[in-house]
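K.L.:
The structure follows.
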Amino acid sequence: MAAVVVLSAAFALTSTRSAHAGPSDTPISPEFLANTLSRGLKLGQVDNNTIPGALEKRNKAETDWKAAQDNYKRLYAIATAPGATAAQKDAARKAYPDGRAKPEYNVVWSGKQNVADINADVISKLVNNLTINPQGLLELLGPQFLPGLDGFQVLDVRKYNTDGSENDDYGKVVNFVQLPLPFGIENEPHHMQYEWEDGDPIIAGALFTSSTWVLNVDDIPNITLKNNMNLLETGYSIPDAYDSVGDGRFIGTYMGGPVANFGGSPGAIAVFKPDAQKGLVLESVTPGGNILATAPGGKNANGVPEPCSVQESRPLGTCANPHGIQIRQDLKTMITSDYAEPREIVLDPVKTLDKYAFRPTIRSWDTSNPGAPRLTSVAHAPVGWRQPAQRAHENYGIMENAKTWPTTKDFPDTLESKGAFAGSMCGGGIFFTPDITKLKGDATDKWVQVWDDGLSNLLTKDDTSKFLDQPGDCAGGAWHQVSRNNKWFFRSVQGRNPGSDNYFDQGATKEIYDLDIQDLIKSAQDGKVACDLTKGIDTNGDGKVDLSAIKAVYKLAQGEKVADCPTQIDTLKVNDPTTGGPHWAALDNHSYQPDGSPTRLAFSDYFVSRSGVDGDHRYYIVNIDKDGKLSYDEDFRDEKTGALGVNFNRRDWPGSKDGGFYKPHSMVWVTPKGISPKGQAPLPIVPADAPVATKAKKVAYKVGSVKSALKKLIKKRKTTLKVTAKNGAITKIKVVVKDAKKKTVASAGSKSLKAGKSGKWTIKGKKALAKKSRYTVTITGKSGKKTVKGTWKVRL
C-alpha cells in the first residue's frame with residue numbers, strides 16, 4: 001500500500017497548483033492521478049477504454065471473415081468436384097482467406113514501471129556517460145517513475161481486410177484496462193496460459209502480489225474481470241504459468257512456498273476449475289515436492305526420489321520450485337520444470353547468493369484425475385558438454401518445457417510423438433525425452449541434451465556472435481514451443497550484455513531462433529534417440545560412443561547434420577540495449593497452415609526489472625514463412641512514433657492521458673467468440689493438379705564399391721563406405737558386415753541422410769578380414785516407419 005500513499009501525496013501536491021496551469025506545467029498529470037484512484041477503487045471490476053470505432057470495425061471484420069470463409073468453401077466444393085476446370089481451381093485458390101484478415105487481437109499482460117524498476121545498470125550508464133538531464137527526468141516523473149495500476153493492453157493484429165487492403169488499426173492499442181485495488185498495483189505481471197482457445201478465460205499470474213487473475217474475453221477487445229485468487233486463498237506464493245487441461249480446467253505453477261515461507265521451497269501446482277460466475281475457482285493445490293527429500297531416507301510423495309544434491313536443494317532439501325508447465329491430457333501426463341527458489345530472484349532488494357538458488361530438475365505428473373495430479377517422476381537435467389570457468393553457467397534454472405502435439409483429425413499431418421522438451425535458462429541446454437509416459441521415479445536417464453542456445457548464438461554468423469567467448473552460457477533462454485505439426489521448435493533468448501559476468505565477457509546474442517526437429521521426432525518413435533550432447537553419440541550402433549559431445553557440438557556449430565539431432569532453420573537478432581531482451585513469445589495458434597505450420601509469432605523485450613534484468617519494453621510481430629524462416633513484420637509499427645514494433649514506453653494510452661510506461665511480459669492471441677472454434681481444422685487448400693500417375697520409386701541405397709571398402713579391412717581395422725539415400729530420406733542407417741558363419745565382424749552407424757544426399761560411414765572391424773572369404777554387407781535404416789534394407793555379398 002506504500003504505492004497508494006505515494007499516489008495520494010502526489011495527488012495532493014498536484015491539486016495545490018494554480019487553476020490556470022496548463023497540462024504541460026506539471027510533471028504529474030492530474031488526469032493520471034484521478035484515473036488511477038477512480039479505477040483502483042472500483043473493486044472487482046475494470047473500465048474498458050476501447051478506442052472509438054474499434055467495436056464497429058470488429059463487427060464488420062467478423063461479418064467479412066465469415067463471408068470469405070463461406071465463399072471459399074463454395075468455390076472449394078466446385079474446384080474439387082470431378083471434372084473441375086483449371087479456371088475453377090484457380091478461382092478457388094485465389095479466394096483462400098488470408099489468416100491475417102481474421103479479426104484477432106494480442107492481449108498483453110503488463111505492469112506499470114516506477115522508480116523501483118530503475119536498476120544499477122541504468123544508473124551507472126547515466127552517471128558514467130554524464131547524460132543525466134534534470135529537465136528530462138522531471139518531464140518523465142509521472143509517466144516513468146510514479147507507481148500505477150497494472151493491467152492489459154489489447155492490440156489489433158488483424159493485418160488485412162478480406163479484400164486484401166490494409167487494416168488501418170493494425171498495430172494500434174485499441175483498449176487499455178487497469179486492475180483495481182488492493183491487488184491491482186505492484187503485481188509484477190508474469191505469465192498467462194501459453195495459448196488461448198475459443199471460449200476460454202484468460203488466466204494471468206502476478207509475482208509480487210501472488211495473485212492469479214481471471215478475465216473473460218468473449219467481447220474482445222473489451223475485457224471483463226471475473227476473479228482474483230490471492231496468496232491467502234491458494235496458500236502458495238509467486239505464481240508463474242498455466243496450461244489448459246482441455247475439460248475447462250487449468251493447472252498453474254507456483255514457484256514459491258506457502259504463506260509462512262513466502263517465495264521459499266517447495267512450490268506447488270494449483271488446479272482451477274470452471275465456475276459460471278467467477279470464470280475459474282481454485283479446486284486443489286499439491287506441493288511440488290517434500291521438504292528434506294534429498295536427505296538420507298527422504299522421498300517425495302508416492303515414493304518419488306529427488307535426484308538433486310543436498311547442495312543443489314538448499315536450504316530445505318528440495319528442488320521443487322515449478323515454473324514451466326505443459327499438459328498432454330491425451331496421454332494423461334503433465335510436465336513441470338523447476339526454475340529457482342524465487343525469493344532470491346524476483347524479490348527486491350534480496351538478490352541471489354549463489355547458483356544453487358537455480359534448480360536443475362524436471363517433474364512429471366499423472367493427470368488421470370486432473371483435479372488431483374500425482375507426482376510420478378523427477379529428473380536431474382543433463383549436465384551438458386560445456387565446462388565453463390564460471391560454474392554458475394552450467395545447466396541450472398530449468399525455466400520452461402514444451403510438449404509435442406497429438407495427431408488429430410484437424411491436424412492429421414502432425415508427426416506422431418509422445419515426447420517433450422525442456423530448457424535451461426543459464427546453461428543453455430535444450431533437453432528431450434522421447435516418451436513422457438515412461439517417466440517414473442528417478443527419470444534422469446530418460447532425458448538427453450539435443451541442442452544448446454550457444455549453438456544458435458554461433459549460427460547467427462555475424463561478426464559479433466562468432467567471437468563470443470561463452471556462447472549460450474547464462475544466455476537467458478526462456479520461452480519455447482513446438483509447432484502444431486511437431487516439425488519446428490521455437491525459442492527466445494534474452495541474451496547477456498558484454499561485461500555482465502566479467503571484464504572479458506563478450507555477452508550472448510539476443511535472438512529468436514527456430515529448429516527443424518523432424519528427424520528427432522521420427523527417431524524417437526521407437527522410444528530412443530541417438531543425439532546426446534552430454535555423453536556423446538554412438539554413430540555405428542555398436543553401443544560405444546564414437547563421436548564425443550564436444551565434437552558433435554563442433555559439427556552442429558558449422559551447420560552440419562549430426563545423427564538425429566535438430567538442425568537450425570533461422571535466427572532473428574533482437575536489438576535491445578538494456579540488460580534484458582526477448583524473454584516471452586507466443587505463436588499465433590489461430591492462423592496455422594493446413595499442415596500445422598505457424599505463420600507468425602509475437603514477442604516482447606522484458607523479464608523482471610528488479611532481478612537486474614529489464615528490457616526496452618518493445619513488442620514485435622515476426623513472420624514465419626513456409627520454410628520456417630523468420631523476419632520482422634515491417635508493417636507492425638508504433639502508432640505514436642512510427643518505429644518498428646509497439647513501444648510500451650509511451651506517455652498516453654487509450655482513455656488514459658499520461659498513463660505512463662509499462663513493462664510487457666506475456667501475451668496471448670485472442671479472436672472474437674466463435675471465430676476460431678476449438679478443434680476446427682484450417683480450411684483445406686485446393687490440391688495441385690495430380691501429375692501423370694507413375695509408379696512410386698522405392699526408397700533405397702546407392703553405395704560405393706563395397707568390395708574395395710572391405711579389402712582395406714584385410715590389413716586395417718577401419719574403412720569407409722559412401723552411402724546415398726535414393727528417392728527419400730532415411731534415418732538410423734547402420735552398416736553390418738558378417739562372415740560366412742553369420743557372425744558380425746565389422747559395423748558402422750547410426751546416421752541419417754536426407755533424400756539424394758550422401759555420407760561416409762566409417763566401418764570398424766573387430767578383426768582383420770581374410771582373403772578368399774565370403775562376407776555379407778547389410779545396410780538398414782528407416783523411412784518413416786518402414787525399414788529400408790540393402791544386402792551385398794562379397795568375396796575377397
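The chains in the C-alpha cells are called A, B, ... from first to last as shown; in each chain the residues are counted from 1, and the ligands are counted from 1 in the order shown.
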Need to verify the contact set: range 210-225 of chain A, 9 Å, only C-alpha atoms, exclusion of same-chain residues closer than 4 positions in sequence. Can you return it as an NGL selection string?
P.N.:
:A and (44-50 or 54-55 or 58 or 104-105 or 107 or 152 or 154-156 or 174-175 or 177 or 179 or 183 or 187 or 198-206 or 229-231 or 234 or 236-239 or 254 or 278-281 or 670-673)
K.L.:
Neighbouring residues of Lys273 in chain A were defined as those with any atom within 10 Å, considering only C-alpha atoms; residues of the same chain fewer than 5 positions away were excluded. Please report them as a PyMOL selection string.
P.N.:
chain A and resi 245+247-251+279-284+370-371
K.L.:
Write the selection just made, keeping all heavy atoms, as a compact mmCIF listing (two decimals), in the first residue's frame?
P.N.:
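This is the output file again.txt:
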```
# COMPACT_ATOMS: atom_id res chain seq x y z
N VAL A 245 -6.15 -28.04 -19.36
CA VAL A 245 -6.35 -29.49 -19.35
C VAL A 245 -7.16 -29.92 -20.56
O VAL A 245 -6.93 -30.98 -21.14
CB VAL A 245 -7.05 -29.94 -18.04
CG1 VAL A 245 -7.36 -31.43 -18.08
CG2 VAL A 245 -6.18 -29.60 -16.84
N ASP A 247 -10.67 -29.78 -20.38
CA ASP A 247 -12.04 -30.00 -19.90
C ASP A 247 -12.59 -28.77 -19.20
O ASP A 247 -13.58 -28.85 -18.47
CB ASP A 247 -12.08 -31.20 -18.95
CG ASP A 247 -11.24 -30.99 -17.69
OD1 ASP A 247 -10.55 -29.94 -17.59
OD2 ASP A 247 -11.27 -31.86 -16.80
N GLY A 248 -11.95 -27.62 -19.41
CA GLY A 248 -12.33 -26.39 -18.73
C GLY A 248 -11.41 -26.03 -17.59
O GLY A 248 -11.37 -24.89 -17.14
N ARG A 249 -10.66 -27.03 -17.09
CA ARG A 249 -9.71 -26.77 -16.02
C ARG A 249 -8.41 -26.16 -16.57
O ARG A 249 -8.03 -26.39 -17.72
CB ARG A 249 -9.34 -28.07 -15.29
CG ARG A 249 -10.41 -28.68 -14.42
CD ARG A 249 -9.84 -29.92 -13.76
NE ARG A 249 -10.73 -30.53 -12.78
CZ ARG A 249 -11.59 -31.50 -13.04
NH1 ARG A 249 -11.68 -31.97 -14.29
NH2 ARG A 249 -12.35 -32.01 -12.11
N PHE A 250 -7.72 -25.44 -15.68
CA PHE A 250 -6.35 -25.00 -15.93
C PHE A 250 -5.52 -25.42 -14.73
O PHE A 250 -6.01 -25.48 -13.60
CB PHE A 250 -6.28 -23.48 -16.09
CG PHE A 250 -6.75 -23.00 -17.44
CD1 PHE A 250 -8.11 -22.85 -17.69
CD2 PHE A 250 -5.86 -22.70 -18.45
CE1 PHE A 250 -8.56 -22.42 -18.92
CE2 PHE A 250 -6.29 -22.27 -19.69
CZ PHE A 250 -7.64 -22.12 -19.93
N ILE A 251 -4.25 -25.73 -15.00
CA ILE A 251 -3.33 -26.04 -13.91
C ILE A 251 -2.19 -25.03 -13.98
O ILE A 251 -1.65 -24.75 -15.06
CB ILE A 251 -2.78 -27.48 -14.01
CG1 ILE A 251 -3.94 -28.48 -14.02
CG2 ILE A 251 -1.84 -27.78 -12.84
CD1 ILE A 251 -3.51 -29.94 -14.14
N GLY A 279 -15.60 -17.52 -13.54
CA GLY A 279 -14.72 -17.99 -14.61
C GLY A 279 -13.93 -19.20 -14.21
O GLY A 279 -14.10 -20.30 -14.76
N LEU A 280 -13.07 -19.05 -13.22
CA LEU A 280 -12.30 -20.15 -12.65
C LEU A 280 -12.20 -19.96 -11.15
O LEU A 280 -12.09 -18.83 -10.67
CB LEU A 280 -10.87 -20.20 -13.24
CG LEU A 280 -10.72 -20.54 -14.72
CD1 LEU A 280 -9.28 -20.27 -15.17
CD2 LEU A 280 -11.09 -22.00 -15.00
N VAL A 281 -12.22 -21.08 -10.42
CA VAL A 281 -12.00 -21.04 -8.98
C VAL A 281 -11.02 -22.15 -8.61
O VAL A 281 -10.84 -23.11 -9.35
CB VAL A 281 -13.32 -21.22 -8.19
CG1 VAL A 281 -14.25 -20.04 -8.42
CG2 VAL A 281 -14.00 -22.54 -8.56
N LEU A 282 -10.41 -22.00 -7.46
CA LEU A 282 -9.43 -22.98 -7.00
C LEU A 282 -10.10 -24.32 -6.69
O LEU A 282 -11.12 -24.36 -6.00
CB LEU A 282 -8.71 -22.46 -5.77
CG LEU A 282 -7.57 -23.32 -5.22
CD1 LEU A 282 -6.40 -23.34 -6.20
CD2 LEU A 282 -7.12 -22.79 -3.87
N GLU A 283 -9.50 -25.41 -7.21
CA GLU A 283 -10.01 -26.76 -6.91
C GLU A 283 -9.08 -27.50 -5.97
O GLU A 283 -9.54 -28.14 -5.02
CB GLU A 283 -10.18 -27.55 -8.21
CG GLU A 283 -10.71 -28.96 -7.98
CD GLU A 283 -11.01 -29.70 -9.28
OE1 GLU A 283 -10.77 -29.12 -10.36
OE2 GLU A 283 -11.49 -30.84 -9.21
N SER A 284 -7.77 -27.44 -6.22
CA SER A 284 -6.83 -28.16 -5.35
C SER A 284 -5.45 -27.56 -5.48
O SER A 284 -5.14 -26.88 -6.47
CB SER A 284 -6.78 -29.65 -5.71
OG SER A 284 -6.18 -29.84 -6.99
N PRO A 370 -7.49 -35.11 -13.29
CA PRO A 370 -6.87 -33.79 -13.43
C PRO A 370 -7.14 -32.85 -12.27
O PRO A 370 -6.42 -31.86 -12.09
CB PRO A 370 -7.50 -33.25 -14.72
CG PRO A 370 -8.76 -34.01 -14.90
CD PRO A 370 -8.51 -35.37 -14.32
N GLY A 371 -8.12 -33.17 -11.46
CA GLY A 371 -8.37 -32.35 -10.28
C GLY A 371 -7.39 -32.59 -9.16
O GLY A 371 -7.30 -31.78 -8.22
```
K.L.:
So that I can check the surroundings of range 654-662 of chain A, please list as a PDB file with N, CA and C atoms, in the first residue's frame every protein, DNA and RNA residue that reaches within 8 Å of it, counting only C-alpha atoms and ignoring chain neighbours fewer than 3 positions away.
P.N.:
```pdb
ATOM      1  N   SER A  29       0.532  14.423 -13.893  1.00  0.00           N
ATOM      2  CA  SER A  29      -0.739  14.740 -14.522  1.00  0.00           C
ATOM      3  C   SER A  29      -1.903  14.515 -13.559  1.00  0.00           C
ATOM      4  N   GLU A  31      -4.915  14.150 -14.416  1.00  0.00           N
ATOM      5  CA  GLU A  31      -5.773  13.135 -15.027  1.00  0.00           C
ATOM      6  C   GLU A  31      -5.266  11.727 -14.707  1.00  0.00           C
ATOM      7  N   PHE A  32      -3.936  11.554 -14.725  1.00  0.00           N
ATOM      8  CA  PHE A  32      -3.350  10.256 -14.368  1.00  0.00           C
ATOM      9  C   PHE A  32      -3.739   9.877 -12.945  1.00  0.00           C
ATOM     10  N   ASN A  35      -7.546   9.117 -12.710  1.00  0.00           N
ATOM     11  CA  ASN A  35      -7.860   7.804 -13.291  1.00  0.00           C
ATOM     12  C   ASN A  35      -7.399   6.672 -12.380  1.00  0.00           C
ATOM     13  N   ASN A  49     -11.359   0.977 -21.999  1.00  0.00           N
ATOM     14  CA  ASN A  49     -11.068   2.241 -22.670  1.00  0.00           C
ATOM     15  C   ASN A  49     -10.881   1.989 -24.156  1.00  0.00           C
ATOM     16  N   THR A  50     -11.854   1.320 -24.739  1.00  0.00           N
ATOM     17  CA  THR A  50     -11.796   0.941 -26.150  1.00  0.00           C
ATOM     18  C   THR A  50     -11.867   2.186 -27.022  1.00  0.00           C
ATOM     19  N   ILE A  51     -10.973   2.266 -28.020  1.00  0.00           N
ATOM     20  CA  ILE A  51     -10.922   3.463 -28.861  1.00  0.00           C
ATOM     21  C   ILE A  51     -12.174   3.554 -29.726  1.00  0.00           C
ATOM     22  N   SER A 110       0.838  -6.539 -18.563  1.00  0.00           N
ATOM     23  CA  SER A 110       1.965  -5.628 -18.343  1.00  0.00           C
ATOM     24  C   SER A 110       1.829  -4.888 -17.015  1.00  0.00           C
ATOM     25  N   GLY A 111       2.964  -4.423 -16.500  1.00  0.00           N
ATOM     26  CA  GLY A 111       2.998  -3.725 -15.223  1.00  0.00           C
ATOM     27  C   GLY A 111       3.480  -2.296 -15.388  1.00  0.00           C
ATOM     28  N   LYS A 112       2.949  -1.401 -14.584  1.00  0.00           N
ATOM     29  CA  LYS A 112       3.361  -0.003 -14.615  1.00  0.00           C
ATOM     30  C   LYS A 112       4.792   0.126 -14.104  1.00  0.00           C
ATOM     31  N   GLN A 113       5.656   0.737 -14.923  1.00  0.00           N
ATOM     32  CA  GLN A 113       7.032   0.988 -14.485  1.00  0.00           C
ATOM     33  C   GLN A 113       7.030   2.100 -13.445  1.00  0.00           C
ATOM     34  N   GLY A 142       6.153  11.556 -13.866  1.00  0.00           N
ATOM     35  CA  GLY A 142       4.887  10.829 -13.780  1.00  0.00           C
ATOM     36  C   GLY A 142       4.874   9.579 -14.626  1.00  0.00           C
ATOM     37  N   PRO A 143       5.087   9.696 -15.954  1.00  0.00           N
ATOM     38  CA  PRO A 143       4.966   8.520 -16.826  1.00  0.00           C
ATOM     39  C   PRO A 143       5.900   7.377 -16.485  1.00  0.00           C
ATOM     40  N   GLN A 144       7.143   7.676 -16.096  1.00  0.00           N
ATOM     41  CA  GLN A 144       8.122   6.606 -15.907  1.00  0.00           C
ATOM     42  C   GLN A 144       8.327   6.218 -14.449  1.00  0.00           C
ATOM     43  N   VAL A 173      -3.053   0.085 -30.221  1.00  0.00           N
ATOM     44  CA  VAL A 173      -3.598  -0.339 -28.937  1.00  0.00           C
ATOM     45  C   VAL A 173      -5.056   0.122 -28.925  1.00  0.00           C
ATOM     46  N   VAL A 174      -5.980  -0.832 -28.994  1.00  0.00           N
ATOM     47  CA  VAL A 174      -7.401  -0.483 -29.133  1.00  0.00           C
ATOM     48  C   VAL A 174      -8.150  -0.516 -27.803  1.00  0.00           C
ATOM     49  N   ASN A 175      -7.490  -1.008 -26.758  1.00  0.00           N
ATOM     50  CA  ASN A 175      -8.100  -0.964 -25.424  1.00  0.00           C
ATOM     51  C   ASN A 175      -6.996  -1.017 -24.384  1.00  0.00           C
ATOM     52  N   PHE A 176      -7.241  -0.357 -23.270  1.00  0.00           N
ATOM     53  CA  PHE A 176      -6.299  -0.315 -22.148  1.00  0.00           C
ATOM     54  C   PHE A 176      -7.097  -0.517 -20.876  1.00  0.00           C
ATOM     55  N   HIS A 617      11.159  -2.804 -23.352  1.00  0.00           N
ATOM     56  CA  HIS A 617       9.692  -2.728 -23.349  1.00  0.00           C
ATOM     57  C   HIS A 617       9.124  -2.560 -24.757  1.00  0.00           C
ATOM     58  N   PHE A 648       6.117   0.198 -25.459  1.00  0.00           N
ATOM     59  CA  PHE A 648       5.304   0.367 -24.256  1.00  0.00           C
ATOM     60  C   PHE A 648       5.835   1.494 -23.364  1.00  0.00           C
ATOM     61  N   ASN A 649       6.956   2.109 -23.756  1.00  0.00           N
ATOM     62  CA  ASN A 649       7.438   3.313 -23.078  1.00  0.00           C
ATOM     63  C   ASN A 649       6.769   4.520 -23.738  1.00  0.00           C
ATOM     64  N   ARG A 650       5.505   4.709 -23.446  1.00  0.00           N
ATOM     65  CA  ARG A 650       4.764   5.822 -24.039  1.00  0.00           C
ATOM     66  C   ARG A 650       4.041   6.585 -22.945  1.00  0.00           C
ATOM     67  N   ARG A 651       3.674   7.793 -23.272  1.00  0.00           N
ATOM     68  CA  ARG A 651       3.029   8.639 -22.266  1.00  0.00           C
ATOM     69  C   ARG A 651       1.533   8.339 -22.145  1.00  0.00           C
TER      70      ARG A 651
END
```
K.L.:
Just the residues within 7 Å of range 713-716 of chain A, please, counting only C-alpha atoms, with nothing from its chain fewer than 5 positions along; format it as a PyMOL selection string.
P.N.:
chain A and resi 765+768-770
K.L.:
Just checking: using only C-alpha atoms, which residue out of A:Val310, A:Ala340, A:Ala420, A:Leu75 ends up closest to Ile327 in chain A?
P.N.:
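Among the listed residues, the smallest separation from Ile327 in chain A belongs to A:Ala420.
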K.L.:
May I have the residues within 7 Å of Ser597 in chain A as a list in words, using only C-alpha atoms and disregarding those fewer than 5 positions away in the same chain?
P.N.:
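Returned residues: Ser483, Arg484, Asn485 and Tyr592 of chain A.
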K.L.:
Residues of range 515-557 of chain A within 12 Å of range 774-791 of chain A: nearest atom pair and distance (Å, one decimal) for each, counting only C-alpha atoms, sorted by chain and number, as a Markdown table?
P.N.:
```
| residue | atom | partner | partner_atom | distance |
| --- | --- | --- | --- | --- |
| A:Gln518 | CA | A:Gly784 | CA | 10.6 |
| A:Asp519 | CA | A:Gly784 | CA | 9.6 |
| A:Leu520 | CA | A:Gly784 | CA | 11.8 |
| A:Ile521 | CA | A:Gly784 | CA | 10.5 |
| A:Lys522 | CA | A:Gly784 | CA | 6.9 |
| A:Ser523 | CA | A:Lys782 | CA | 8.6 |
| A:Ala524 | CA | A:Gly784 | CA | 11.2 |
| A:Gln525 | CA | A:Lys785 | CA | 8.6 |
| A:Asp526 | CA | A:Lys785 | CA | 9.4 |
| A:Asn540 | CA | A:Ile779 | CA | 11.1 |
| A:Gly541 | CA | A:Thr780 | CA | 11.1 |
```
K.L.:
Mind writing the picked residues with all heavy atoms as a PDB file, in the first residue's frame?
P.N.:
```pdb
ATOM      1  N   GLN A 518      12.295 -32.575 -37.109  1.00  0.00           N
ATOM      2  CA  GLN A 518      11.575 -33.703 -37.699  1.00  0.00           C
ATOM      3  C   GLN A 518      12.313 -35.026 -37.526  1.00  0.00           C
ATOM      4  O   GLN A 518      11.708 -36.037 -37.161  1.00  0.00           O
ATOM      5  CB  GLN A 518      11.320 -33.429 -39.185  1.00  0.00           C
ATOM      6  CG  GLN A 518      10.387 -32.259 -39.430  1.00  0.00           C
ATOM      7  CD  GLN A 518      10.149 -32.005 -40.900  1.00  0.00           C
ATOM      8  OE1 GLN A 518       9.472 -32.780 -41.577  1.00  0.00           O
ATOM      9  NE2 GLN A 518      10.723 -30.929 -41.415  1.00  0.00           N
ATOM     10  N   ASP A 519      13.628 -35.042 -37.787  1.00  0.00           N
ATOM     11  CA  ASP A 519      14.381 -36.291 -37.646  1.00  0.00           C
ATOM     12  C   ASP A 519      14.377 -36.777 -36.203  1.00  0.00           C
ATOM     13  O   ASP A 519      14.278 -37.984 -35.945  1.00  0.00           O
ATOM     14  CB  ASP A 519      15.820 -36.095 -38.126  1.00  0.00           C
ATOM     15  CG  ASP A 519      15.927 -36.023 -39.640  1.00  0.00           C
ATOM     16  OD1 ASP A 519      14.918 -36.331 -40.317  1.00  0.00           O
ATOM     17  OD2 ASP A 519      16.995 -35.653 -40.151  1.00  0.00           O
ATOM     18  N   LEU A 520      14.489 -35.849 -35.263  1.00  0.00           N
ATOM     19  CA  LEU A 520      14.477 -36.223 -33.849  1.00  0.00           C
ATOM     20  C   LEU A 520      13.134 -36.847 -33.475  1.00  0.00           C
ATOM     21  O   LEU A 520      13.088 -37.889 -32.801  1.00  0.00           O
ATOM     22  CB  LEU A 520      14.750 -34.994 -32.988  1.00  0.00           C
ATOM     23  CG  LEU A 520      14.876 -35.248 -31.489  1.00  0.00           C
ATOM     24  CD1 LEU A 520      16.229 -35.887 -31.177  1.00  0.00           C
ATOM     25  CD2 LEU A 520      14.730 -33.945 -30.699  1.00  0.00           C
ATOM     26  N   ILE A 521      12.048 -36.225 -33.919  1.00  0.00           N
ATOM     27  CA  ILE A 521      10.709 -36.720 -33.582  1.00  0.00           C
ATOM     28  C   ILE A 521      10.467 -38.098 -34.205  1.00  0.00           C
ATOM     29  O   ILE A 521       9.938 -39.009 -33.558  1.00  0.00           O
ATOM     30  CB  ILE A 521       9.641 -35.718 -34.040  1.00  0.00           C
ATOM     31  CG1 ILE A 521       9.788 -34.386 -33.293  1.00  0.00           C
ATOM     32  CG2 ILE A 521       8.246 -36.297 -33.843  1.00  0.00           C
ATOM     33  CD1 ILE A 521       9.637 -34.481 -31.802  1.00  0.00           C
ATOM     34  N   LYS A 522      10.870 -38.258 -35.458  1.00  0.00           N
ATOM     35  CA  LYS A 522      10.691 -39.558 -36.115  1.00  0.00           C
ATOM     36  C   LYS A 522      11.541 -40.626 -35.432  1.00  0.00           C
ATOM     37  O   LYS A 522      11.091 -41.754 -35.203  1.00  0.00           O
ATOM     38  CB  LYS A 522      11.063 -39.447 -37.593  1.00  0.00           C
ATOM     39  CG  LYS A 522      10.114 -38.594 -38.412  1.00  0.00           C
ATOM     40  CD  LYS A 522      10.627 -38.430 -39.836  1.00  0.00           C
ATOM     41  CE  LYS A 522       9.747 -37.501 -40.657  1.00  0.00           C
ATOM     42  NZ  LYS A 522      10.305 -37.271 -42.017  1.00  0.00           N
ATOM     43  N   SER A 523      12.768 -40.272 -35.119  1.00  0.00           N
ATOM     44  CA  SER A 523      13.676 -41.224 -34.476  1.00  0.00           C
ATOM     45  C   SER A 523      13.146 -41.661 -33.118  1.00  0.00           C
ATOM     46  O   SER A 523      13.301 -42.818 -32.715  1.00  0.00           O
ATOM     47  CB  SER A 523      15.057 -40.580 -34.325  1.00  0.00           C
ATOM     48  OG  SER A 523      15.951 -41.436 -33.657  1.00  0.00           O
ATOM     49  N   ALA A 524      12.489 -40.744 -32.405  1.00  0.00           N
ATOM     50  CA  ALA A 524      12.013 -41.035 -31.051  1.00  0.00           C
ATOM     51  C   ALA A 524      10.808 -41.952 -31.016  1.00  0.00           C
ATOM     52  O   ALA A 524      10.399 -42.399 -29.937  1.00  0.00           O
ATOM     53  CB  ALA A 524      11.668 -39.727 -30.342  1.00  0.00           C
ATOM     54  N   GLN A 525      10.236 -42.258 -32.172  1.00  0.00           N
ATOM     55  CA  GLN A 525       9.023 -43.077 -32.187  1.00  0.00           C
ATOM     56  C   GLN A 525       9.262 -44.496 -31.695  1.00  0.00           C
ATOM     57  O   GLN A 525       8.310 -45.196 -31.338  1.00  0.00           O
ATOM     58  CB  GLN A 525       8.417 -43.072 -33.592  1.00  0.00           C
ATOM     59  CG  GLN A 525       7.801 -41.719 -33.955  1.00  0.00           C
ATOM     60  CD  GLN A 525       7.397 -41.597 -35.414  1.00  0.00           C
ATOM     61  OE1 GLN A 525       7.646 -42.497 -36.214  1.00  0.00           O
ATOM     62  NE2 GLN A 525       6.796 -40.481 -35.774  1.00  0.00           N
ATOM     63  N   ASP A 526      10.545 -44.938 -31.661  1.00  0.00           N
ATOM     64  CA  ASP A 526      10.831 -46.261 -31.088  1.00  0.00           C
ATOM     65  C   ASP A 526      11.293 -46.158 -29.636  1.00  0.00           C
ATOM     66  O   ASP A 526      11.752 -47.135 -29.047  1.00  0.00           O
ATOM     67  CB  ASP A 526      11.868 -47.002 -31.929  1.00  0.00           C
ATOM     68  CG  ASP A 526      13.235 -46.327 -31.934  1.00  0.00           C
ATOM     69  OD1 ASP A 526      13.397 -45.273 -31.268  1.00  0.00           O
ATOM     70  OD2 ASP A 526      14.152 -46.833 -32.613  1.00  0.00           O
ATOM     71  N   ASN A 540      27.587 -45.822 -34.968  1.00  0.00           N
ATOM     72  CA  ASN A 540      27.579 -47.072 -35.739  1.00  0.00           C
ATOM     73  C   ASN A 540      26.757 -48.178 -35.095  1.00  0.00           C
ATOM     74  O   ASN A 540      26.745 -49.312 -35.574  1.00  0.00           O
ATOM     75  CB  ASN A 540      29.002 -47.558 -35.985  1.00  0.00           C
ATOM     76  CG  ASN A 540      29.762 -47.839 -34.703  1.00  0.00           C
ATOM     77  OD1 ASN A 540      29.174 -47.902 -33.630  1.00  0.00           O
ATOM     78  ND2 ASN A 540      31.075 -47.974 -34.812  1.00  0.00           N
ATOM     79  N   GLY A 541      26.056 -47.852 -34.006  1.00  0.00           N
ATOM     80  CA  GLY A 541      25.157 -48.816 -33.403  1.00  0.00           C
ATOM     81  C   GLY A 541      25.823 -49.949 -32.661  1.00  0.00           C
ATOM     82  O   GLY A 541      25.162 -50.940 -32.337  1.00  0.00           O
TER      83      GLY A 541
END
```
K.L.:
Can you list, as a ChimeraX atom specification, every protein, DNA or RNA residue that comes within 9 Å of Ala729 in chain A when you count only C-alpha atoms, leaving out same-chain residues fewer than 4 positions away?
P.N.:
/A:699,725,752-757,782-784
K.L.:
Where in range 215-403 of chain A does DSSP assign strand (DSSP E), given as a PyMOL selection string?
P.N.:
chain A and resi 215-216+224-229+236-244+250-258+268-275+279-287+322-328+333-338+361-366+374-380+400-403
K.L.:
Taking the DSSP secondary structure from the backbone, can you list the residues of range 607-726 of chain A that are helix (DSSP H, G or I), as number ranges by chain?
P.N.:
A: 609-611, 706-714
K.L.:
Using only C-alpha atoms, which protein or nucleic acid residues come within 6 Å of Val723 in chain A? Drop anything in the same chain fewer than 5 positions from it, and give the result as a PyMOL selection string.
P.N.:
chain A and resi 702-703+758-759
K.L.:
Please dump the current selection as a PDB file, in the first residue's frame; keep C-alpha atoms.
P.N.:
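File result15.pdb, as written:
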```
ATOM      1  CA  LYS A 702      23.190 -46.321 -53.575  1.00  0.00           C
ATOM      2  CA  VAL A 703      26.618 -47.340 -52.337  1.00  0.00           C
ATOM      3  CA  SER A 758      25.388 -38.825 -49.456  1.00  0.00           C
ATOM      4  CA  GLY A 759      27.526 -39.573 -46.457  1.00  0.00           C
TER       5      GLY A 759
END
```
K.L.:
Nearest residue to Tyr339 in chain A out of A:Gly477, A:Pro30, A:Gly615, A:Pro682, using only C-alpha atoms?
P.N.:
A:Gly477
